[in-house]
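Asker: Following this message is one structure expressed as structure tokens.
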Amino acid sequence: MARESESGLPIEPVYGPAAQAGWDPAVELGEPGAYPFTRGVYPTMYTGRPWTMRQYAGFGTAAESNARYRQLIAHGTTGLSVAFDLPTQMGHDSDAPIAHGEVGKVGVAIDSIDDMRVLFGGIPLDEVSTSMTINAPAALLLLLYQLVAEEQGISADRLTGTVQNDVLKEYIARGTYIFPPKPSLRLTADIFRYCRAELPKWNTISISGYHMAEAGASPAQEIAFTLADGIEYVRAAVASGMDVDDFAPRLSFFFVARTTLLEEAAKFRAARRIWARVMKEDFGARDPRSWMLRFHTQTAGVQLTAQQPEANLVRVAVQALAAVLGGTQSLHTNAFDEAIALPTDKSARLALRTQQVLAYETDVTATVDPLAGSYAVERLTDDLEAATLDLMHRVEDLGGAVAAIERGFQKGEIERNAYRIAQETDTGDRVVVGVNRFQLDEEEPYEPLRVDPAIEARQAERLAALRAGRDRGAVDSALAALRKAAEGEDNVLYPMKEALRARATVGEVCGALREVWGTYVPSDAF
């Protein structure tokens with residue numbers, strides 16, 4: 001009897017040649033580094049060097065996060081991934097009433113260029129690749145990073161990294177949006193144009209399925225809704241007057257890696273093939289780099305358990321292996337204690353060691369796409385591609401990603417799948433080790449890392465000192481220029497950069513844009 005995959009597709013007990021009847025490897029696979037990129041976006045993949053090993057960190061104050069970054073770099077991390085607290089993600093200053101109780105809790109608090117200087121103090125920004133998980137205020141954090149690099153004497157054309165900048169998935173899965181979808185898409189296009197001119201090596205967006213998966217999306221839903229969002233961003237950029245090949249090579253994606261190793265590897269292969277064909281056939285991209293789906297992967301935090309947390313070490317290792325076999329370009333491995341609290345130094349180091357063991361002690365880097373030709377994996381890849389395209393067509397039938405968001409389509413589909421998973425877990429049909437099977441009578445005590453509640457008061461003091469010590473007239477003038485650009489069609493990043501240079505705060509800059517663009521309020525349907 002066939003089992004069902006996470007996407008509800010059958011997984012047969014045995015696969016043979018019949019599973020690939022009529023299948024043409026020249027069409028469906030091609031060569032590594034060549035269209036349609038099923039086998040990977042680079043010809044040599046990991047045989048030349050391994051993927052970028054990122055660790056996601058950021059908590060409390062900028063100084064505390066800076067200390068963690070220095071530790072990670074010392075232990076061999078080759079890329080930093082920055083987590084920001086909720087007030088920063090929502091464009092509020094730490095001393096705003098709405099920020100009370102959330103400052104420094106799920107990431108680092110960044111209120112101004114003063115905090116950004118501390119966050120990256122002593123870290124040579126031309127020697128690290130930095131990924132910033134920030135969406136609605138992505139432009140602000142990118143510009144603050146550029147300003148700090150300039151203070152270090154580093155030109156913008158030497159900076160490498162990614163800003164997530166994927167606000168559409170916020171309306172679907174997370175909720176940290178600020179502005180309505182239309183001006184948010186305009187801001188995204190402005191970032192594309194700015195980076196093409198000023199930061200040519202920067203990845204301008206990381207179109208994210210990870211958070212949809214965390215909200216309960218199946219692998220097919222994760223790919224479908226993420227690629228549909230990607231199509232919407234490409235359309236917005238083209239509509240703003242850009243040629244597709246001017247920005248598409250800098251697009252990147254962000255996916256989850258679950259413990260269902262075979263389906264996850266197939267998912268990544270299917271996603272590459274679909275995106276290559278969309279970009280080449282639908283958008284007429286001519287540059288082969290525009291056809292490549294390059295992506296970062298994070299292991300599945302939603303699958304980690306607070307019960308018997310040591311078992312998460314095994315889960316993370318399997319998830320990481322799925323990402324590597326699927327051909328990821330960079331990888332973050334979660335710490336085993338993240339279901340309880342922020343990772344400790346030791347657990348963060350163990351998470352990085354997991355990647356290093358895979359890269360240097362196994363043979364998965366010895367050959368490109370070792371799963372190619374597997375009856376099971378190729379059939380799963382084809383089945384996932386078909387299921388994904390069906391969902392993408394349903395989004396298109398509703399008028400595209402934004403129209404579907406306004407109808408609540410993606411959110412509703414994900415919620416139904418999340419409910420199914422919860423039911424299966426409750427009934428025991430879905431086994432979760434340590435939760436509904438193989439439990440312990442008594443859990444071992446664990447002391448998690450805790451955030452100092454005094455951080456909020458210290459951030460408020462820093463903000464008061466900043467406001468007292470800056471040129472208020474220069475700030476007001478810069479914010480007025482920003483509002484004027486937002487009212488018209490000029491790229492808002494140039495006046496935004498000057499406002500931040502004048503020490504305007506994140507809350508003040510976002511507030512100026514709120515005055516022009518408004519704040520998004522979900523409809524009843526959403």
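Every chain in the structure tokens has a letter given in the order shown (A, B, ...), and although residue numbers restart at 1 in each chain, ligands are simply numbered from 1 in the order shown.
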With only C-alpha atoms as the counted atoms, please give the residues lying no more than 8 Å from Glu232 of chain A, apart from itself and same-chain residues fewer than 3 positions off, as a PyMOL selection string.

Answerer: chain A and resi 228-229+235-236+400-402

Asker: Tell me which protein, DNA and RNA residues are within 9 Å of segment 302-310 of chain A, counting only C-alpha atoms, leaving out same-chain ones fewer than 5 positions away, and put them as a list in words.

Answerer: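 Listing them by chain and then by number gives Ala213, Glu214, Ala215, Gly216, Arg258, Thr259, Arg315, Val316, Asn334, Phe336, Asp337, Glu338, Ala339, Ile340, Val432, Val433, Gly434, Val435, Gln439, Leu440, Glu443 and Glu444 of chain A.
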
Asker: Using N, CA and C atoms, can you export the residues from the last selection as a PDB file, in the first residue's frame?

Answerer:
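result_3.pdb, freshly written:
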```
ATOM      1  N   ALA A 213       5.894  27.379   5.039  1.00  0.00           N
ATOM      2  CA  ALA A 213       6.027  26.032   5.584  1.00  0.00           C
ATOM      3  C   ALA A 213       5.859  26.035   7.100  1.00  0.00           C
ATOM      4  N   GLU A 214       6.423  27.044   7.758  1.00  0.00           N
ATOM      5  CA  GLU A 214       6.264  27.153   9.203  1.00  0.00           C
ATOM      6  C   GLU A 214       4.799  27.349   9.593  1.00  0.00           C
ATOM      7  N   ALA A 215       4.018  27.983   8.706  1.00  0.00           N
ATOM      8  CA  ALA A 215       2.594  28.196   8.965  1.00  0.00           C
ATOM      9  C   ALA A 215       1.761  26.965   8.637  1.00  0.00           C
ATOM     10  N   GLY A 216       2.383  25.945   8.009  1.00  0.00           N
ATOM     11  CA  GLY A 216       1.674  24.704   7.735  1.00  0.00           C
ATOM     12  C   GLY A 216       1.577  24.309   6.280  1.00  0.00           C
ATOM     13  N   ARG A 258      12.605  19.814   5.386  1.00  0.00           N
ATOM     14  CA  ARG A 258      11.933  18.978   6.379  1.00  0.00           C
ATOM     15  C   ARG A 258      12.686  17.656   6.543  1.00  0.00           C
ATOM     16  N   THR A 259      12.187  16.816   7.436  1.00  0.00           N
ATOM     17  CA  THR A 259      12.815  15.511   7.669  1.00  0.00           C
ATOM     18  C   THR A 259      12.462  14.491   6.592  1.00  0.00           C
ATOM     19  N   ARG A 315      17.050  15.271  13.828  1.00  0.00           N
ATOM     20  CA  ARG A 315      16.148  15.883  12.840  1.00  0.00           C
ATOM     21  C   ARG A 315      16.890  16.905  11.982  1.00  0.00           C
ATOM     22  N   VAL A 316      17.653  17.760  12.630  1.00  0.00           N
ATOM     23  CA  VAL A 316      18.359  18.812  11.905  1.00  0.00           C
ATOM     24  C   VAL A 316      19.379  18.216  10.933  1.00  0.00           C
ATOM     25  N   ASN A 334      19.240  24.814  12.308  1.00  0.00           N
ATOM     26  CA  ASN A 334      18.688  25.251  13.581  1.00  0.00           C
ATOM     27  C   ASN A 334      19.400  24.550  14.733  1.00  0.00           C
ATOM     28  N   PHE A 336      19.383  22.698  18.399  1.00  0.00           N
ATOM     29  CA  PHE A 336      18.447  21.695  18.912  1.00  0.00           C
ATOM     30  C   PHE A 336      17.513  22.245  19.986  1.00  0.00           C
ATOM     31  N   ASP A 337      17.874  23.368  20.601  1.00  0.00           N
ATOM     32  CA  ASP A 337      17.068  23.890  21.699  1.00  0.00           C
ATOM     33  C   ASP A 337      16.148  25.038  21.283  1.00  0.00           C
ATOM     34  N   GLU A 338      15.994  25.281  19.978  1.00  0.00           N
ATOM     35  CA  GLU A 338      15.220  26.436  19.526  1.00  0.00           C
ATOM     36  C   GLU A 338      13.720  26.311  19.777  1.00  0.00           C
ATOM     37  N   ALA A 339      13.233  25.086  20.023  1.00  0.00           N
ATOM     38  CA  ALA A 339      11.820  24.943  20.372  1.00  0.00           C
ATOM     39  C   ALA A 339      11.541  25.412  21.795  1.00  0.00           C
ATOM     40  N   ILE A 340      12.606  25.671  22.553  1.00  0.00           N
ATOM     41  CA  ILE A 340      12.460  26.083  23.954  1.00  0.00           C
ATOM     42  C   ILE A 340      12.757  27.570  24.114  1.00  0.00           C
ATOM     43  N   VAL A 432       5.410  11.713  15.899  1.00  0.00           N
ATOM     44  CA  VAL A 432       6.400  12.712  16.295  1.00  0.00           C
ATOM     45  C   VAL A 432       7.112  12.165  17.525  1.00  0.00           C
ATOM     46  N   VAL A 433       8.342  11.756  17.324  1.00  0.00           N
ATOM     47  CA  VAL A 433       9.089  11.072  18.380  1.00  0.00           C
ATOM     48  C   VAL A 433       9.214  11.983  19.602  1.00  0.00           C
ATOM     49  N   GLY A 434       8.863  11.433  20.755  1.00  0.00           N
ATOM     50  CA  GLY A 434       8.942  12.182  21.999  1.00  0.00           C
ATOM     51  C   GLY A 434       7.688  12.965  22.324  1.00  0.00           C
ATOM     52  N   VAL A 435       6.779  13.108  21.331  1.00  0.00           N
ATOM     53  CA  VAL A 435       5.548  13.871  21.550  1.00  0.00           C
ATOM     54  C   VAL A 435       4.347  12.944  21.638  1.00  0.00           C
ATOM     55  N   GLN A 439       7.565   8.591  24.391  1.00  0.00           N
ATOM     56  CA  GLN A 439       7.693   9.660  25.380  1.00  0.00           C
ATOM     57  C   GLN A 439       8.484   9.183  26.594  1.00  0.00           C
ATOM     58  N   LEU A 440       8.965  10.137  27.347  1.00  0.00           N
ATOM     59  CA  LEU A 440       9.587   9.873  28.641  1.00  0.00           C
ATOM     60  C   LEU A 440       8.599  10.228  29.749  1.00  0.00           C
ATOM     61  N   GLU A 443      10.804  14.598  31.797  1.00  0.00           N
ATOM     62  CA  GLU A 443      11.797  15.252  30.950  1.00  0.00           C
ATOM     63  C   GLU A 443      12.975  15.747  31.785  1.00  0.00           C
ATOM     64  N   GLU A 444      14.171  15.668  31.202  1.00  0.00           N
ATOM     65  CA  GLU A 444      15.349  16.190  31.881  1.00  0.00           C
ATOM     66  C   GLU A 444      15.287  17.716  31.929  1.00  0.00           C
TER      67      GLU A 444
END
```

Asker: Please identify all polymer residues within 9 Å of Asp287 of chain A, counting only C-alpha atoms, omitting same-chain residues fewer than 6 positions from it, and present them as a VMD selection string.

Answerer: chain A and resid 245 248 to 249 280

Asker: For Pro288 of chain A, work out the shell of residues within 12 Å, counting only C-alpha atoms and skipping chain neighbours fewer than 5 positions away, then give it as a list in words.

Answerer: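 These residues fall inside the cut-off: Gly33, Ala34, Tyr35, Pro36, Phe37, Val41, Tyr42, Val244, Asp245, Ala248, Pro249, Trp275, Ala276, Arg277, Met279, Lys280 and Leu293 of chain A.
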
Asker: What does the distance from atom CA of Ser7 of chain A to atom CA of Leu398 of chain A come to in Å, to one decimal?

Answerer: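 Pair atom CA of Ser7 of chain A / atom CA of Leu398 of chain A returns 22.0 Å.
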
Asker: Mind checking DSSP for segment 230-449 of chain A and telling me the strand (DSSP E or B) residues as a JSON list (two decimals) with all heavy atoms, in the first residue's frame?

Answerer:
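Result saved to result-v5.json:
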```json
[["chain", "number", "residue", "atom", "x", "y", "z"],
["A", 251, "LEU", "N", 17.87, 37.78, -8.15],
["A", 251, "LEU", "CA", 16.78, 37.22, -7.35],
["A", 251, "LEU", "C", 17.26, 35.95, -6.65],
["A", 251, "LEU", "O", 18.03, 35.18, -7.21],
["A", 251, "LEU", "CB", 15.57, 36.88, -8.23],
["A", 251, "LEU", "CG", 14.92, 38.01, -9.03],
["A", 251, "LEU", "CD1", 13.77, 37.45, -9.87],
["A", 251, "LEU", "CD2", 14.43, 39.11, -8.11],
["A", 252, "SER", "N", 16.80, 35.74, -5.44],
["A", 252, "SER", "CA", 17.09, 34.49, -4.76],
["A", 252, "SER", "C", 15.86, 34.05, -3.97],
["A", 252, "SER", "O", 14.91, 34.82, -3.81],
["A", 252, "SER", "CB", 18.30, 34.64, -3.82],
["A", 252, "SER", "OG", 18.00, 35.51, -2.75],
["A", 253, "PHE", "N", 15.89, 32.81, -3.51],
["A", 253, "PHE", "CA", 14.74, 32.23, -2.83],
["A", 253, "PHE", "C", 15.17, 31.64, -1.49],
["A", 253, "PHE", "O", 16.36, 31.46, -1.23],
["A", 253, "PHE", "CB", 14.10, 31.15, -3.71],
["A", 253, "PHE", "CG", 13.42, 31.71, -4.94],
["A", 253, "PHE", "CD1", 14.16, 32.09, -6.05],
["A", 253, "PHE", "CD2", 12.04, 31.87, -4.98],
["A", 253, "PHE", "CE1", 13.54, 32.62, -7.18],
["A", 253, "PHE", "CE2", 11.42, 32.40, -6.10],
["A", 253, "PHE", "CZ", 12.17, 32.78, -7.20],
["A", 254, "PHE", "N", 14.18, 31.33, -0.67],
["A", 254, "PHE", "CA", 14.44, 30.84, 0.69],
["A", 254, "PHE", "C", 13.41, 29.75, 1.00],
["A", 254, "PHE", "O", 12.21, 30.02, 1.02],
["A", 254, "PHE", "CB", 14.32, 32.01, 1.67],
["A", 254, "PHE", "CG", 14.43, 31.67, 3.13],
["A", 254, "PHE", "CD1", 15.08, 30.54, 3.58],
["A", 254, "PHE", "CD2", 13.88, 32.51, 4.09],
["A", 254, "PHE", "CE1", 15.18, 30.24, 4.93],
["A", 254, "PHE", "CE2", 13.97, 32.24, 5.44],
["A", 254, "PHE", "CZ", 14.62, 31.10, 5.86],
["A", 255, "PHE", "N", 13.90, 28.53, 1.18],
["A", 255, "PHE", "CA", 13.00, 27.40, 1.40],
["A", 255, "PHE", "C", 13.33, 26.69, 2.72],
["A", 255, "PHE", "O", 14.38, 26.89, 3.31],
["A", 255, "PHE", "CB", 13.10, 26.40, 0.25],
["A", 255, "PHE", "CG", 12.62, 26.93, -1.07],
["A", 255, "PHE", "CD1", 13.49, 27.09, -2.13],
["A", 255, "PHE", "CD2", 11.29, 27.28, -1.25],
["A", 255, "PHE", "CE1", 13.05, 27.58, -3.35],
["A", 255, "PHE", "CE2", 10.84, 27.77, -2.47],
["A", 255, "PHE", "CZ", 11.72, 27.92, -3.52],
["A", 256, "VAL", "N", 12.41, 25.83, 3.11],
["A", 256, "VAL", "CA", 12.59, 25.00, 4.29],
["A", 256, "VAL", "C", 13.13, 23.64, 3.87],
["A", 256, "VAL", "O", 12.97, 23.24, 2.70],
["A", 256, "VAL", "CB", 11.25, 24.82, 5.05],
["A", 256, "VAL", "CG1", 10.34, 23.82, 4.36],
["A", 256, "VAL", "CG2", 11.47, 24.41, 6.50],
["A", 257, "ALA", "N", 13.76, 22.92, 4.80],
["A", 257, "ALA", "CA", 14.12, 21.52, 4.59],
["A", 257, "ALA", "C", 13.52, 20.71, 5.73],
["A", 257, "ALA", "O", 13.87, 20.92, 6.89],
["A", 257, "ALA", "CB", 15.63, 21.34, 4.53],
["A", 295, "PHE", "N", 18.92, 29.48, -4.12],
["A", 295, "PHE", "CA", 18.16, 29.56, -2.88],
["A", 295, "PHE", "C", 19.00, 29.23, -1.65],
["A", 295, "PHE", "O", 19.99, 28.52, -1.70],
["A", 295, "PHE", "CB", 16.93, 28.65, -2.93],
["A", 295, "PHE", "CG", 17.23, 27.18, -3.11],
["A", 295, "PHE", "CD1", 17.36, 26.34, -2.02],
["A", 295, "PHE", "CD2", 17.37, 26.64, -4.39],
["A", 295, "PHE", "CE1", 17.62, 24.99, -2.18],
["A", 295, "PHE", "CE2", 17.63, 25.29, -4.56],
["A", 295, "PHE", "CZ", 17.76, 24.46, -3.46],
["A", 296, "HIS", "N", 18.55, 29.83, -0.55],
["A", 296, "HIS", "CA", 19.04, 29.53, 0.79],
["A", 296, "HIS", "C", 18.04, 28.59, 1.45],
["A", 296, "HIS", "O", 16.84, 28.65, 1.16],
["A", 296, "HIS", "CB", 19.16, 30.82, 1.60],
["A", 296, "HIS", "CG", 19.37, 30.61, 3.07],
["A", 296, "HIS", "ND1", 20.55, 30.11, 3.59],
["A", 296, "HIS", "CD2", 18.55, 30.82, 4.13],
["A", 296, "HIS", "CE1", 20.45, 30.03, 4.92],
["A", 296, "HIS", "NE2", 19.25, 30.47, 5.26],
["A", 297, "THR", "N", 18.53, 27.72, 2.30],
["A", 297, "THR", "CA", 17.65, 26.78, 3.00],
["A", 297, "THR", "C", 17.87, 26.88, 4.50],
["A", 297, "THR", "O", 19.01, 27.06, 4.96],
["A", 297, "THR", "CB", 17.92, 25.33, 2.55],
["A", 297, "THR", "OG1", 17.87, 25.27, 1.13],
["A", 297, "THR", "CG2", 16.88, 24.38, 3.12],
["A", 298, "GLN", "N", 16.78, 26.75, 5.24],
["A", 298, "GLN", "CA", 16.87, 26.63, 6.69],
["A", 298, "GLN", "C", 16.16, 25.36, 7.10],
["A", 298, "GLN", "O", 15.10, 25.03, 6.56],
["A", 298, "GLN", "CB", 16.23, 27.83, 7.39],
["A", 298, "GLN", "CG", 16.33, 27.77, 8.91],
["A", 298, "GLN", "CD", 15.83, 29.04, 9.58],
["A", 298, "GLN", "OE1", 15.79, 30.10, 8.96],
["A", 298, "GLN", "NE2", 15.45, 28.95, 10.84],
["A", 299, "THR", "N", 16.76, 24.64, 8.02],
["A", 299, "THR", "CA", 16.11, 23.43, 8.51],
["A", 299, "THR", "C", 14.80, 23.79, 9.22],
["A", 299, "THR", "O", 14.62, 24.92, 9.66],
["A", 299, "THR", "CB", 17.05, 22.65, 9.44],
["A", 299, "THR", "OG1", 17.50, 23.51, 10.49],
["A", 299, "THR", "CG2", 18.25, 22.13, 8.66],
["A", 330, "SER", "N", 23.08, 27.94, 0.06],
["A", 330, "SER", "CA", 23.52, 28.23, 1.42],
["A", 330, "SER", "C", 22.55, 27.58, 2.39],
["A", 330, "SER", "O", 21.42, 27.25, 2.02],
["A", 330, "SER", "CB", 23.63, 29.74, 1.67],
["A", 330, "SER", "OG", 22.36, 30.35, 1.75],
["A", 331, "LEU", "N", 23.00, 27.39, 3.60],
["A", 331, "LEU", "CA", 22.22, 26.58, 4.55],
["A", 331, "LEU", "C", 22.40, 27.12, 5.97],
["A", 331, "LEU", "O", 23.50, 27.47, 6.39],
["A", 331, "LEU", "CB", 22.70, 25.13, 4.48],
["A", 331, "LEU", "CG", 22.07, 24.11, 5.43],
["A", 331, "LEU", "CD1", 20.57, 23.99, 5.18],
["A", 331, "LEU", "CD2", 22.76, 22.76, 5.27],
["A", 332, "HIS", "N", 21.27, 27.19, 6.66],
["A", 332, "HIS", "CA", 21.28, 27.46, 8.11],
["A", 332, "HIS", "C", 20.71, 26.25, 8.82],
["A", 332, "HIS", "O", 19.61, 25.78, 8.47],
["A", 332, "HIS", "CB", 20.44, 28.69, 8.45],
["A", 332, "HIS", "CG", 20.06, 28.75, 9.91],
["A", 332, "HIS", "ND1", 20.98, 29.04, 10.89],
["A", 332, "HIS", "CD2", 18.88, 28.53, 10.54],
["A", 332, "HIS", "CE1", 20.36, 29.00, 12.06],
["A", 332, "HIS", "NE2", 19.11, 28.69, 11.88],
["A", 342, "LEU", "N", 15.89, 30.93, 22.72],
["A", 342, "LEU", "CA", 17.01, 31.28, 21.85],
["A", 342, "LEU", "C", 18.16, 30.32, 22.09],
["A", 342, "LEU", "O", 18.39, 29.87, 23.23],
["A", 342, "LEU", "CB", 17.46, 32.71, 22.14],
["A", 342, "LEU", "CG", 16.51, 33.83, 21.68],
["A", 342, "LEU", "CD1", 16.96, 35.15, 22.28],
["A", 342, "LEU", "CD2", 16.47, 33.91, 20.17],
["A", 433, "VAL", "N", 8.34, 11.76, 17.32],
["A", 433, "VAL", "CA", 9.09, 11.07, 18.38],
["A", 433, "VAL", "C", 9.21, 11.98, 19.60],
["A", 433, "VAL", "O", 9.60, 13.15, 19.50],
["A", 433, "VAL", "CB", 10.49, 10.67, 17.86],
["A", 433, "VAL", "CG1", 11.34, 10.12, 19.00],
["A", 433, "VAL", "CG2", 10.36, 9.64, 16.75],
["A", 437, "ARG", "N", 4.73, 9.51, 20.59],
["A", 437, "ARG", "CA", 5.27, 8.15, 20.70],
["A", 437, "ARG", "C", 6.69, 8.24, 21.27],
["A", 437, "ARG", "O", 7.39, 9.22, 21.05],
["A", 437, "ARG", "CB", 5.28, 7.45, 19.34],
["A", 437, "ARG", "CG", 5.43, 5.92, 19.49],
["A", 437, "ARG", "CD", 5.45, 5.22, 18.17],
["A", 437, "ARG", "NE", 4.20, 5.31, 17.43],
["A", 437, "ARG", "CZ", 3.99, 4.67, 16.27],
["A", 437, "ARG", "NH1", 4.93, 3.91, 15.76],
["A", 437, "ARG", "NH2", 2.83, 4.81, 15.64],
["A", 449, "LEU", "N", 18.60, 29.93, 27.22],
["A", 449, "LEU", "CA", 19.12, 31.30, 27.20],
["A", 449, "LEU", "C", 17.95, 32.27, 27.35],
["A", 449, "LEU", "O", 16.91, 32.11, 26.71],
["A", 449, "LEU", "CB", 19.83, 31.56, 25.87],
["A", 449, "LEU", "CG", 20.39, 32.96, 25.64],
["A", 449, "LEU", "CD1", 21.58, 33.19, 26.57],
["A", 449, "LEU", "CD2", 20.84, 33.12, 24.20]]
```

Asker: Might you pull out every residue within 10 Å of Glu150 of chain A, with only C-alpha atoms counted and same-chain residues fewer than 6 positions away left off, and present them as a ChimeraX atom specification?

Answerer: /A:125,144,156

Asker: Which neighbours of Ala323 of chain A fall inside 7 Å, counting only C-alpha atoms, when residues of the same chain fewer than 3 positions from it are skipped, and could you give them as a list in words?

Answerer: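 Returned residues: Ala257, Ala265, Thr297, Gln319, Ala320, Gly326, Gly327 and Thr328 of chain A.
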
Asker: Closest to Arg193 of chain A among A:Arg70, A:Ser347, A:Tyr375, A:Leu493, using only C-alpha atoms?

Answerer: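 Closest to Arg193 of chain A, using only C-alpha atoms: A:Leu493.
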
Asker: Mind listing the helix (DSSP H, G or I) residues of segment 279-312 of chain A, per DSSP on the backbone, as a list in words?

Answerer: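 Here is the list: Met279, Lys280, Glu281, Asp282, Pro288, Arg289, Ser290, Trp291, Gly301, Val302, Gln303, Ala311 and Asn312 of chain A.
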
Asker: Write out as a ChimeraX atom specification which residues come within 8 Å of Val364 of chain A when counting only C-alpha atoms, dropping same-chain ones fewer than 4 positions away.

Answerer: /A:324-325,358-359,370

Asker: Write the residues you've just listed into a file as a PDB file, in the first residue's frame, and include N, CA and C atoms for each of them.

Answerer:
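So result.pdb came out as:
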```
ATOM      1  N   VAL A 324      21.147  19.625   1.134  1.00  0.00           N
ATOM      2  CA  VAL A 324      22.378  19.433   0.363  1.00  0.00           C
ATOM      3  C   VAL A 324      22.115  18.548  -0.850  1.00  0.00           C
ATOM      4  N   LEU A 325      21.393  17.452  -0.658  1.00  0.00           N
ATOM      5  CA  LEU A 325      21.071  16.578  -1.783  1.00  0.00           C
ATOM      6  C   LEU A 325      20.172  17.285  -2.797  1.00  0.00           C
ATOM      7  N   LEU A 358      28.745  17.159   7.444  1.00  0.00           N
ATOM      8  CA  LEU A 358      28.205  16.798   6.128  1.00  0.00           C
ATOM      9  C   LEU A 358      29.172  17.195   5.015  1.00  0.00           C
ATOM     10  N   ALA A 359      29.764  18.380   5.142  1.00  0.00           N
ATOM     11  CA  ALA A 359      30.621  18.888   4.075  1.00  0.00           C
ATOM     12  C   ALA A 359      31.971  18.186   4.003  1.00  0.00           C
ATOM     13  N   PRO A 370      23.817  13.564  -6.712  1.00  0.00           N
ATOM     14  CA  PRO A 370      23.924  12.103  -6.639  1.00  0.00           C
ATOM     15  C   PRO A 370      22.597  11.364  -6.762  1.00  0.00           C
TER      16      PRO A 370
END
```

Asker: Using only C-alpha atoms, find the one residue out of A:Leu352, A:Gly284, A:Gly230, A:Asp390 that sits nearest to Ala74 of chain A.

Answerer: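 Going through A:Leu352, A:Gly284, A:Gly230, A:Asp390 one by one, the smallest distance to Ala74 of chain A is for A:Leu352.
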
Asker: With only C-alpha atoms as the basis for distance, which of A:Arg117, A:Arg54, A:Lys105, A:Arg250 is at the shortest distance from Met132 of chain A?

Answerer: A:Arg54

Asker: My list of candidates is A:Asp126, A:Ile205, A:Arg349, A:Asn165. Which is closest to Arg294 of chain A when distances are computed with only C-alpha atoms?

Answerer: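 Answer, going by the shortest atom-to-atom distance: A:Ile205.
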
Asker: Which is closer to Tyr233 of chain A than all the others in A:Ile274, A:Leu350, A:Tyr210, A:Arg186, using only C-alpha atoms?

Answerer: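 Among the listed residues, A:Arg186 lies closest to Tyr233 of chain A.
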